[in-house]
file structure_35.txt (compact mmCIF, C-alpha atoms)
# COMPACT_ATOMS: atom_id res chain seq x y z
CA MET M 3 -12.58 5.06 -22.88
CA ILE M 4 -13.24 1.32 -23.30
CA GLU M 5 -10.48 1.32 -25.96
CA ASN M 6 -7.97 2.14 -23.23
CA PRO M 7 -5.66 -0.93 -23.13
CA VAL M 8 -5.13 -0.64 -19.38
CA LEU M 9 -8.86 -0.50 -18.72
CA ARG M 10 -9.50 -3.44 -21.04
CA LYS M 11 -6.86 -5.49 -19.27
CA GLU M 12 -8.24 -4.67 -15.83
CA LEU M 13 -11.86 -5.35 -16.77
CA LEU M 14 -11.55 -8.25 -19.18
CA TYR M 15 -8.26 -10.09 -18.70
CA ARG M 16 -8.49 -10.40 -14.92
CA MET M 17 -11.99 -11.90 -15.12
CA ARG M 18 -11.18 -14.29 -17.97
CA PRO M 19 -11.54 -17.95 -16.91
CA ARG M 20 -8.12 -19.47 -16.47
CA LYS M 21 -6.31 -21.98 -14.34
CA GLY M 22 -5.80 -20.94 -10.75
CA ASN M 23 -8.67 -18.43 -10.48
CA ASP M 24 -10.69 -20.51 -8.01
CA THR M 25 -10.38 -17.71 -5.46
CA ILE M 26 -12.09 -15.24 -7.78
CA VAL M 27 -14.91 -17.69 -8.45
CA GLY M 28 -15.31 -18.33 -4.72
CA VAL M 29 -15.50 -14.62 -3.94
CA LEU M 30 -18.11 -14.12 -6.69
CA VAL M 31 -20.23 -17.00 -5.39
CA VAL M 32 -20.09 -15.69 -1.82
CA GLY M 33 -20.94 -12.19 -3.04
CA ILE M 34 -23.95 -13.43 -5.00
CA LEU M 35 -25.18 -15.40 -1.99
CA ILE M 36 -24.86 -12.35 0.27
CA ILE M 37 -26.71 -10.13 -2.22
CA GLY M 38 -29.44 -12.75 -2.60
CA LEU M 39 -29.79 -13.12 1.17
CA THR M 40 -30.04 -9.34 1.53
CA TYR M 41 -32.84 -9.18 -1.04
CA TRP M 42 -34.72 -12.06 0.58
CA LEU M 43 -34.50 -10.65 4.12
CA PHE M 44 -35.51 -7.11 3.20
CA LEU M 45 -38.30 -8.10 0.80
CA ARG M 46 -39.73 -10.53 3.35
CA TRP M 47 -39.63 -7.86 6.04
CA MET M 48 -41.11 -5.06 3.91
CA LEU M 49 -43.90 -7.21 2.46
CA THR M 50 -44.99 -8.69 5.79
CA ASP M 51 -44.61 -5.73 8.14
CA PRO M 52 -47.75 -3.53 8.05
CA SER M 53 -46.03 -0.64 9.83
CA GLY M 54 -46.15 2.63 7.90
CA SER M 55 -42.48 3.35 8.65
CA THR M 56 -41.17 0.08 7.19
CA GLY M 57 -40.19 1.62 3.86
CA GLU M 58 -38.33 4.52 5.48
CA THR M 59 -36.45 2.27 7.93
CA ALA M 60 -35.54 -0.23 5.19
CA TRP M 61 -34.30 2.54 2.90
CA GLN M 62 -32.14 4.00 5.66
CA MET M 63 -30.69 0.61 6.55
CA LEU M 64 -29.91 -0.22 2.90
CA THR M 65 -28.28 3.18 2.36
CA VAL M 66 -26.10 2.71 5.44
CA LEU M 67 -25.24 -0.84 4.30
CA GLN M 68 -24.11 0.35 0.87
CA TYR M 69 -22.15 3.19 2.43
CA MET M 70 -20.41 0.87 4.91
CA LEU M 71 -19.45 -1.54 2.13
CA ILE M 72 -17.95 1.31 0.12
CA CYS M 73 -16.05 2.72 3.11
CA LEU M 74 -14.64 -0.73 3.91
CA ALA M 75 -13.84 -1.82 0.35
CA ALA M 76 -12.86 1.38 -1.49
CA PRO M 77 -9.61 2.13 0.42
CA SER M 78 -8.12 -1.25 -0.50
CA VAL M 79 -9.69 -1.99 -3.88
CA ALA M 80 -7.16 0.25 -5.68
CA ALA M 81 -4.30 0.04 -3.17
CA ASN M 82 -2.66 -2.74 -5.20
CA ALA M 83 -3.33 -1.29 -8.64
CA ILE M 84 0.21 0.04 -9.14
CA SER M 85 2.20 -1.39 -6.23
CA LEU M 86 1.39 -4.92 -7.40
CA GLU M 87 2.77 -4.06 -10.84
CA LYS M 88 5.98 -2.92 -9.14
CA GLU M 89 6.20 -6.08 -7.05
CA GLN M 90 5.70 -8.26 -10.13
CA GLN M 91 8.24 -6.13 -12.04
CA THR M 92 5.78 -5.33 -14.82
CA TRP M 93 5.51 -1.62 -14.03
CA GLU M 94 8.57 -0.69 -16.11
CA MET M 95 7.13 -2.42 -19.17
CA LEU M 96 3.87 -0.51 -18.74
CA ILE M 97 5.41 2.96 -18.41
CA PHE M 98 7.66 2.46 -21.44
CA THR M 99 4.70 1.78 -23.73
CA CYS M 100 3.09 4.42 -25.92
CA LEU M 101 0.30 4.90 -23.38
CA THR M 102 -0.04 8.37 -21.90
CA PRO M 103 0.05 8.91 -18.12
CA ALA M 104 -3.65 9.80 -18.21
CA GLU M 105 -4.53 6.51 -19.93
CA ILE M 106 -2.62 4.47 -17.35
CA ILE M 107 -3.93 6.31 -14.29
CA LEU M 108 -7.54 6.64 -15.46
CA GLY M 109 -7.57 3.07 -16.76
CA LYS M 110 -6.51 1.73 -13.37
CA LEU M 111 -8.95 4.01 -11.53
CA ILE M 112 -12.04 3.41 -13.65
CA ALA M 113 -11.54 -0.36 -13.57
CA ARG M 114 -11.50 -0.30 -9.77
CA LEU M 115 -14.47 2.05 -9.58
CA ALA M 116 -16.49 -0.23 -11.86
CA GLY M 117 -16.58 -2.92 -9.20
CA LEU M 118 -17.72 -0.52 -6.48
CA PHE M 119 -20.39 1.08 -8.64
CA GLY M 120 -21.50 -2.41 -9.63
CA LEU M 121 -22.11 -3.13 -5.95
CA VAL M 122 -24.27 -0.01 -5.67
CA VAL M 123 -26.18 -0.97 -8.83
CA LEU M 124 -26.86 -4.47 -7.48
CA LEU M 125 -28.39 -3.07 -4.29
CA ALA M 126 -30.11 -0.11 -5.97
CA PRO M 127 -33.34 -1.99 -6.96
CA ILE M 128 -34.15 -3.09 -3.41
CA SER M 129 -33.27 0.37 -2.11
CA ILE M 130 -35.54 2.03 -4.68
CA PHE M 131 -38.30 -0.46 -3.85
CA ALA M 132 -38.04 0.54 -0.17
CA TRP M 133 -38.35 4.20 -1.16
CA VAL M 134 -41.36 3.51 -3.39
CA LEU M 135 -42.99 1.59 -0.54
CA ASN M 136 -42.38 4.54 1.76
CA ASN M 137 -43.64 6.97 -0.86
CA SER M 138 -46.92 5.06 -1.10
CA THR M 139 -47.55 5.41 2.63
CA SER M 140 -45.95 8.11 4.75
CA ARG M 141 -43.89 9.96 2.09
CA SER M 142 -41.30 10.72 4.78
CA VAL M 143 -38.35 10.23 2.39
CA PRO M 144 -38.42 12.79 -0.45
CA PHE M 145 -36.69 12.10 -3.76
CA SER M 146 -34.12 14.82 -2.98
CA GLN M 147 -32.94 12.74 -0.02
CA VAL M 148 -32.55 9.67 -2.24
CA LEU M 149 -30.58 11.79 -4.72
CA LEU M 150 -28.27 13.00 -1.94
CA SER M 151 -27.64 9.40 -0.88
CA PHE M 152 -26.50 8.39 -4.38
CA ILE M 153 -24.31 11.50 -4.61
CA LEU M 154 -22.74 10.51 -1.30
CA LEU M 155 -22.10 6.94 -2.47
CA GLY M 156 -20.64 8.05 -5.80
CA VAL M 157 -18.39 10.84 -4.53
CA THR M 158 -17.18 8.86 -1.52
CA ALA M 159 -16.38 5.80 -3.63
CA SER M 160 -14.46 7.97 -6.11
CA PHE M 161 -12.50 9.76 -3.38
CA PHE M 162 -11.55 6.68 -1.37
CA THR M 163 -10.64 4.68 -4.49
CA THR M 164 -8.55 7.54 -5.85
CA PHE M 165 -6.75 7.80 -2.53
CA GLY M 166 -6.07 4.05 -2.62
CA LEU M 167 -4.62 4.44 -6.12
CA PHE M 168 -2.58 7.44 -4.96
CA VAL M 169 -0.87 5.56 -2.12
CA SER M 170 -0.37 2.59 -4.45
CA TRP M 171 1.42 5.03 -6.75
CA LEU M 172 3.53 6.32 -3.84
CA PHE M 173 4.60 3.01 -2.27
CA ARG M 174 6.38 0.04 -3.80
CA ARG M 175 4.77 -2.50 -1.47
CA THR M 176 1.06 -3.36 -1.55
CA LEU M 177 0.97 -3.97 2.21
CA TYR M 178 2.16 -0.45 2.94
CA ALA M 179 -0.35 1.01 0.47
CA VAL M 180 -3.27 -0.87 2.05
CA MET M 181 -2.17 0.14 5.55
CA ALA M 182 -1.87 3.79 4.49
CA SER M 183 -5.33 3.71 2.89
CA TYR M 184 -7.10 2.37 5.96
CA THR M 185 -5.06 4.57 8.30
CA PHE M 186 -6.30 7.63 6.43
CA VAL M 187 -9.94 6.57 6.02
CA VAL M 188 -10.53 4.87 9.37
CA GLY M 189 -7.75 6.32 11.51
CA PHE M 190 -7.96 9.95 10.39
CA LEU M 191 -11.33 10.62 8.74
CA CYS M 192 -13.50 8.47 11.04
CA ILE M 193 -11.61 8.39 14.36
CA GLY M 194 -9.10 11.24 14.18
CA THR M 195 -11.59 13.97 13.30
CA ALA M 196 -13.95 12.76 16.05
CA MET M 197 -11.13 12.77 18.63
CA VAL M 198 -10.08 16.30 17.68
CA SER M 199 -13.68 17.48 17.92
CA SER M 200 -14.16 15.78 21.31
CA GLY M 201 -10.96 17.34 22.62
CA ILE M 202 -11.98 20.83 21.57
CA THR M 203 -15.45 20.29 23.03
CA MET M 204 -13.98 19.26 26.41
CA ILE M 205 -11.69 22.30 26.45
CA THR M 206 -14.30 24.86 25.43
CA GLN M 207 -17.27 23.18 27.20
CA ASP M 208 -19.27 24.11 24.13
CA TYR M 209 -21.25 21.03 23.13
CA SER M 210 -22.29 22.56 19.83
CA THR M 211 -18.63 22.74 18.82
CA PRO M 212 -18.66 19.68 16.48
CA ASP M 213 -21.03 21.50 14.13
CA LYS M 214 -18.66 24.45 14.07
CA ILE M 215 -15.48 22.54 13.19
CA PRO M 216 -15.04 22.13 9.42
CA LEU M 217 -12.84 19.08 10.07
CA MET M 218 -15.93 17.20 11.25
CA TRP M 219 -17.76 17.96 8.03
CA ILE M 220 -15.51 15.49 6.16
CA ASN M 221 -16.10 12.70 8.69
CA PRO M 222 -17.78 9.80 6.80
CA VAL M 223 -20.08 9.03 9.74
CA ILE M 224 -21.22 12.65 9.94
CA LEU M 225 -21.80 12.78 6.18
CA ILE M 226 -24.19 9.82 6.19
CA TYR M 227 -25.90 11.34 9.23
CA HIS M 228 -26.51 14.58 7.31
CA VAL M 229 -28.01 12.63 4.40
CA LEU M 230 -30.37 10.62 6.60
CA SER M 231 -31.33 13.77 8.54
CA SER M 232 -31.69 16.10 5.55
CA ASN M 233 -35.48 15.91 5.82
CA SER M 234 -35.53 17.27 9.39
CA SER M 235 -36.32 20.76 10.61
CA HIS M 236 -32.64 21.69 10.13
CA ASP M 237 -32.66 20.70 6.46
CA THR M 238 -30.67 23.75 5.30
CA GLN M 239 -27.97 23.20 7.91
CA HIS M 240 -27.58 19.52 7.03
CA LEU M 241 -27.40 20.38 3.33
CA LYS M 242 -24.70 23.00 3.98
CA TYR M 243 -22.46 20.56 5.87
CA PHE M 244 -23.09 17.82 3.29
CA THR M 245 -22.24 20.16 0.38
CA PHE M 246 -19.01 21.24 2.08
CA GLY M 247 -17.92 17.64 2.67
CA MET M 248 -18.74 16.52 -0.87
CA THR M 249 -16.93 19.54 -2.31
CA ILE M 250 -13.78 18.74 -0.33
CA TYR M 251 -13.93 15.09 -1.41
CA ALA M 252 -14.41 16.07 -5.09
CA VAL M 253 -11.61 18.67 -5.05
CA LEU M 254 -9.16 16.26 -3.42
CA THR M 255 -10.10 13.55 -5.92
CA VAL M 256 -9.39 15.81 -8.90
CA PHE M 257 -6.17 17.06 -7.26
CA MET M 258 -4.80 13.54 -6.69
CA ILE M 259 -5.62 12.45 -10.25
CA ALA M 260 -4.03 15.59 -11.72
CA PHE M 261 -0.97 15.25 -9.49
CA MET M 262 -0.40 11.61 -10.50
CA ILE M 263 -0.73 12.45 -14.19
CA ILE M 264 1.49 15.56 -14.11
CA LYS M 265 4.24 13.97 -12.00
CA PHE M 266 3.88 10.53 -13.60
CA ARG M 267 7.03 10.25 -15.70
CA ARG M 268 9.53 11.75 -13.29
CA PHE M 269 8.11 9.82 -10.34
CA SER M 270 7.84 6.50 -12.20
CA TYR M 271 11.37 6.55 -13.53
CA SER M 272 12.85 7.61 -10.16
CA ARG M 273 11.08 4.79 -8.33
call {"tool": "encode", "arguments": {"input": "structure_35.txt", "output": "C-alpha cells"}}
result
Amino acid sequence: MIENPVLRKELLYRMRPRKGNDTIVGVLVVGILIIGLTYWLFLRWMLTDPSGSTGETAWQMLTVLQYMLICLAAPSVAANAISLEKEQQTWEMLIFTCLTPAEIILGKLIARLAGLFGLVVLLAPISIFAWVLNNSTSRSVPFSQVLLSFILLGVTASFFTTFGLFVSWLFRRTLYAVMASYTFVVGFLCIGTAMVSSGITMITQDYSTPDKIPLMWINPVILIYHVLSSNSSHDTQHLKYFTFGMTIYAVLTVFMIAFMIIKFRRFSYSR
C-alpha cells in the first residue's frame, strides 16, 4: 500500500520542508504543546489525587476528549482531498494517469486517516496509564470497555473521514464539501436525530422512546454514552445499541468507498 503514488504524495510530499509551509509548522508546534499540556495535567492529577476513582474518571475524560477531537476533525480532514485538486486544476492530470480508481480513492483516504489515527496513538499511552491506575485500585473499567472505546474511535474516524472524502468527490468547491460534512455529522447525526427522538417522545409521551428508535443508535453522543456505560447493570442493552451503530457506520463506509470506485471514471470525466 505504501507504494501507492497517491498515498506517498499525501504522506511525504505535503510534509516535506519547503518555502511557504510556516502554517504547517505552526500547527504542528501548537499540536505538540496541546498534547504535552494534556499529559502534564492528567499525570499531575492522577499521581496526586488519592481518590480510588481517579483512574476511572481520567480514562473516561480522555476517551471523550479523543472522541470529540475525531468528531470535530474527521468531517473536514478529507473534505478537501479531491475538491482541492479540482480547484487547482490538477484533478484531470491525476485521473488520466495509469492509477486505478481504487489506488486514487484509497490513497487519499488512508493518508487522511493516518493523521487521525496518529492523534489517537499520541493520546493512547496516557489513556492506558489511566486504565492501569484504575485496574490497580477499583477495577471498575474492564478491558472489554477499553476495547469498545478503541473500536468506537477507529470506526467513527473511518466513517466520518470517508464521508468527508465522498462529499469532496461530489462537489467541485472545498467550501461546499466542508459545509456538507459538518451539516451531516453535527446537523443530522448529533442534532437532527436528537430532535426527531424528542419530537416522537413528546407526541407519544413515552419517555423510553429514544431507546426504541434505531435512528438514535447512530447518534455520536449516544454511542460514546453506551461505551462509557457498558459496565453498568444494562451491559447487554448498551452492547446491542453500540453494535448496531458500529455496524451501520461500517456498512456505510464500505458502501461509499465501493460507490466512489465503481462510479469513478464516469463521474470524474463528467465533472
call {"tool": "closest_residue", "arguments": {"input": "structure_35.txt", "among": "M:Tyr243, M:Phe266, M:Tyr184, M:Phe261", "to": "Phe162 of chain M", "atoms": "only C-alpha atoms"}}
result
M:Tyr184
call {"tool": "closest_atom_pairs", "arguments": {"input": "structure_35.txt", "of": "segment 102-204 of chain M", "to": "segment 55-67 of chain M", "cutoff": "7 Å", "atoms": "all atoms listed in the file", "output": "tab-separated table"}}
result
residue	atom	partner	partner_atom	distance
M:Ser129	CA	M:Trp61	CA	5.6
M:Ala132	CA	M:Gly57	CA	4.7
M:Trp133	CA	M:Gly57	CA	5.9
M:Leu135	CA	M:Gly57	CA	5.2
M:Asn136	CA	M:Gly57	CA	4.2
M:Ser142	CA	M:Glu58	CA	6.9
M:Val143	CA	M:Glu58	CA	6.5
call {"tool": "residues_around", "arguments": {"input": "structure_35.txt", "residues": "Leu74 of chain M", "least_positions_apart": "5", "cutoff": "9 Å", "atoms": "only C-alpha atoms", "output": "PyMOL selection string"}}
result
chain M and resi 69+184+187-188
call {"tool": "atom_distance", "arguments": {"input": "structure_35.txt", "atom1": "atom CA of Thr164 of chain M", "atom2": "atom CA of Ser200 of chain M"}}
result
28.9 Å
call {"tool": "residues_near_point", "arguments": {"input": "structure_35.txt", "point": "(-13.3, 18.6, -1.0)", "cutoff": "12 Å", "atoms": "only C-alpha atoms", "output": "list in words"}}
result
Val157, Thr158, Ser160, Phe161, Pro216, Leu217, Trp219, Ile220, Asn221, Tyr243, Phe244, Thr245, Phe246, Gly247, Met248, Thr249, Ile250, Tyr251, Ala252, Val253, Leu254, Thr255, Val256, Phe257 and Met258 of chain M
call {"tool": "write_last_selection", "arguments": {"input": "structure_35.txt", "atoms": "C-alpha atoms", "output": "short mmCIF file (atom, residue, chain, number, x, y, z; two decimals), in the frame of the given file"}}
result
data_model
loop_
_atom_site.label_atom_id
_atom_site.label_comp_id
_atom_site.auth_asym_id
_atom_site.auth_seq_id
_atom_site.Cartn_x
_atom_site.Cartn_y
_atom_site.Cartn_z
CA VAL M 157 -18.39 10.84 -4.53
CA THR M 158 -17.18 8.86 -1.52
CA SER M 160 -14.46 7.97 -6.11
CA PHE M 161 -12.50 9.76 -3.38
CA PRO M 216 -15.04 22.13 9.42
CA LEU M 217 -12.84 19.08 10.07
CA TRP M 219 -17.76 17.96 8.03
CA ILE M 220 -15.51 15.49 6.16
CA ASN M 221 -16.10 12.70 8.69
CA TYR M 243 -22.46 20.56 5.87
CA PHE M 244 -23.09 17.82 3.29
CA THR M 245 -22.24 20.16 0.38
CA PHE M 246 -19.01 21.24 2.08
CA GLY M 247 -17.92 17.64 2.67
CA MET M 248 -18.74 16.52 -0.87
CA THR M 249 -16.93 19.54 -2.31
CA ILE M 250 -13.78 18.74 -0.33
CA TYR M 251 -13.93 15.09 -1.41
CA ALA M 252 -14.41 16.07 -5.09
CA VAL M 253 -11.61 18.67 -5.05
CA LEU M 254 -9.16 16.26 -3.42
CA THR M 255 -10.10 13.55 -5.92
CA VAL M 256 -9.39 15.81 -8.90
CA PHE M 257 -6.17 17.06 -7.26
CA MET M 258 -4.80 13.54 -6.69
#
call {"tool": "atom_distance", "arguments": {"input": "structure_35.txt", "atom1": "atom CA of Thr185 of chain M", "atom2": "atom CA of Ile84 of chain M"}}
result
18.8 Å
call {"tool": "residues_around", "arguments": {"input": "structure_35.txt", "residues": "Trp171 of chain M", "least_positions_apart": "5", "cutoff": "12 Å", "atoms": "only C-alpha atoms", "output": "PyMOL selection string"}}
result
chain M and resi 80-88+93+106-107+110-111+164-166+176+178-180+182-183+258-259+261-263+265-267+269-270+273
call {"tool": "write_last_selection", "arguments": {"input": "structure_35.txt", "atoms": "C-alpha atoms", "output": "CSV table (one decimal), in the frame of the given file"}}
result
chain,number,residue,atom,x,y,z
M,80,ALA,CA,-7.2,0.2,-5.7
M,81,ALA,CA,-4.3,0.0,-3.2
M,82,ASN,CA,-2.7,-2.7,-5.2
M,83,ALA,CA,-3.3,-1.3,-8.6
M,84,ILE,CA,0.2,0.0,-9.1
M,85,SER,CA,2.2,-1.4,-6.2
M,86,LEU,CA,1.4,-4.9,-7.4
M,87,GLU,CA,2.8,-4.1,-10.8
M,88,LYS,CA,6.0,-2.9,-9.1
M,93,TRP,CA,5.5,-1.6,-14.0
M,106,ILE,CA,-2.6,4.5,-17.4
M,107,ILE,CA,-3.9,6.3,-14.3
M,110,LYS,CA,-6.5,1.7,-13.4
M,111,LEU,CA,-9.0,4.0,-11.5
M,164,THR,CA,-8.6,7.5,-5.8
M,165,PHE,CA,-6.8,7.8,-2.5
M,166,GLY,CA,-6.1,4.0,-2.6
M,176,THR,CA,1.1,-3.4,-1.6
M,178,TYR,CA,2.2,-0.4,2.9
M,179,ALA,CA,-0.4,1.0,0.5
M,180,VAL,CA,-3.3,-0.9,2.0
M,182,ALA,CA,-1.9,3.8,4.5
M,183,SER,CA,-5.3,3.7,2.9
M,258,MET,CA,-4.8,13.5,-6.7
M,259,ILE,CA,-5.6,12.4,-10.2
M,261,PHE,CA,-1.0,15.2,-9.5
M,262,MET,CA,-0.4,11.6,-10.5
M,263,ILE,CA,-0.7,12.4,-14.2
M,265,LYS,CA,4.2,14.0,-12.0
M,266,PHE,CA,3.9,10.5,-13.6
M,267,ARG,CA,7.0,10.2,-15.7
M,269,PHE,CA,8.1,9.8,-10.3
M,270,SER,CA,7.8,6.5,-12.2
M,273,ARG,CA,11.1,4.8,-8.3
call {"tool": "residues_around", "arguments": {"input": "structure_35.txt", "residues": "Ala75 of chain M", "least_positions_apart": "5", "cutoff": "9 Å", "atoms": "all atoms listed in the file", "output": "VMD selection string"}}
result
chain M and resid 70 118 159 162 to 163
call {"tool": "closest_residue", "arguments": {"input": "structure_35.txt", "among": "M:Ala104, M:Thr92, M:Gly156, M:Tyr41", "to": "Asn6 of chain M", "atoms": "only C-alpha atoms"}}
result
M:Ala104
call {"tool": "atom_distance", "arguments": {"input": "structure_35.txt", "atom1": "atom CA of Pro222 of chain M", "atom2": "atom CA of Gly194 of chain M"}}
result
11.5 Å
call {"tool": "closest_residue", "arguments": {"input": "structure_35.txt", "among": "M:Arg114, M:Ile264, M:Thr102, M:Ile215", "to": "Val198 of chain M", "atoms": "all atoms listed in the file"}}
result
M:Ile215
call {"tool": "residues_around", "arguments": {"input": "structure_35.txt", "residues": "Val223 of chain M", "least_positions_apart": "4", "cutoff": "9 Å", "atoms": "only C-alpha atoms", "output": "short mmCIF file (atom, residue, chain, number, x, y, z; two decimals) with C-alpha atoms, in the coordinates of the input"}}
result
data_model
loop_
_atom_site.label_atom_id
_atom_site.label_comp_id
_atom_site.auth_asym_id
_atom_site.auth_seq_id
_atom_site.Cartn_x
_atom_site.Cartn_y
_atom_site.Cartn_z
CA LEU M 191 -11.33 10.62 8.74
CA CYS M 192 -13.50 8.47 11.04
CA TYR M 227 -25.90 11.34 9.23
CA HIS M 228 -26.51 14.58 7.31
#
call {"tool": "build_atoms", "arguments": {"input": "structure_35.txt", "residues": "segment 68-77 of chain M", "atoms": "all heavy atoms", "output": "compact mmCIF listing (two decimals), in the frame of the given file"}}
result
# COMPACT_ATOMS: atom_id res chain seq x y z
N GLN M 68 -24.91 0.05 2.06
CA GLN M 68 -24.11 0.35 0.87
C GLN M 68 -22.94 1.27 1.21
O GLN M 68 -21.82 1.07 0.71
CB GLN M 68 -25.00 1.02 -0.19
CG GLN M 68 -26.08 0.12 -0.75
CD GLN M 68 -26.97 0.84 -1.73
OE1 GLN M 68 -26.61 1.07 -2.88
NE2 GLN M 68 -28.15 1.24 -1.28
N TYR M 69 -23.20 2.24 2.06
CA TYR M 69 -22.15 3.19 2.43
C TYR M 69 -21.04 2.50 3.22
O TYR M 69 -19.85 2.76 2.99
CB TYR M 69 -22.78 4.32 3.26
CG TYR M 69 -21.84 5.48 3.53
CD1 TYR M 69 -21.33 6.23 2.49
CD2 TYR M 69 -21.51 5.83 4.83
CE1 TYR M 69 -20.49 7.30 2.74
CE2 TYR M 69 -20.67 6.90 5.08
CZ TYR M 69 -20.17 7.64 4.03
OH TYR M 69 -19.34 8.70 4.27
N MET M 70 -21.40 1.61 4.14
CA MET M 70 -20.41 0.87 4.91
C MET M 70 -19.56 -0.02 4.01
O MET M 70 -18.34 -0.10 4.18
CB MET M 70 -21.10 0.02 5.99
CG MET M 70 -21.68 0.82 7.15
SD MET M 70 -22.54 -0.25 8.33
CE MET M 70 -21.20 -1.36 8.82
N LEU M 71 -20.20 -0.68 3.05
CA LEU M 71 -19.45 -1.54 2.13
C LEU M 71 -18.45 -0.73 1.32
O LEU M 71 -17.31 -1.16 1.09
CB LEU M 71 -20.42 -2.27 1.20
CG LEU M 71 -21.29 -3.35 1.85
CD1 LEU M 71 -22.30 -3.90 0.85
CD2 LEU M 71 -20.43 -4.48 2.41
N ILE M 72 -18.86 0.46 0.89
CA ILE M 72 -17.95 1.31 0.12
C ILE M 72 -16.80 1.79 0.99
O ILE M 72 -15.63 1.76 0.58
CB ILE M 72 -18.72 2.51 -0.47
CG1 ILE M 72 -19.58 2.04 -1.65
CG2 ILE M 72 -17.77 3.61 -0.92
CD1 ILE M 72 -20.42 3.11 -2.26
N CYS M 73 -17.11 2.22 2.21
CA CYS M 73 -16.05 2.72 3.11
C CYS M 73 -15.05 1.63 3.47
O CYS M 73 -13.87 1.89 3.67
CB CYS M 73 -16.68 3.29 4.39
SG CYS M 73 -17.57 4.85 4.14
N LEU M 74 -15.52 0.38 3.55
CA LEU M 74 -14.64 -0.73 3.91
C LEU M 74 -13.86 -1.25 2.71
O LEU M 74 -12.71 -1.67 2.85
CB LEU M 74 -15.45 -1.87 4.53
CG LEU M 74 -16.06 -1.60 5.91
CD1 LEU M 74 -16.95 -2.76 6.34
CD2 LEU M 74 -14.96 -1.35 6.94
N ALA M 75 -14.48 -1.23 1.52
CA ALA M 75 -13.84 -1.82 0.35
C ALA M 75 -13.02 -0.83 -0.47
O ALA M 75 -11.95 -1.18 -0.98
CB ALA M 75 -14.90 -2.46 -0.55
N ALA M 76 -13.51 0.41 -0.61
CA ALA M 76 -12.86 1.38 -1.49
C ALA M 76 -11.40 1.67 -1.15
O ALA M 76 -10.58 1.77 -2.07
CB ALA M 76 -13.66 2.68 -1.50
N PRO M 77 -11.02 1.81 0.13
CA PRO M 77 -9.61 2.13 0.42
C PRO M 77 -8.63 1.08 -0.08
O PRO M 77 -7.48 1.40 -0.41
CB PRO M 77 -9.58 2.23 1.95
CG PRO M 77 -10.97 2.56 2.34
CD PRO M 77 -11.83 1.81 1.36
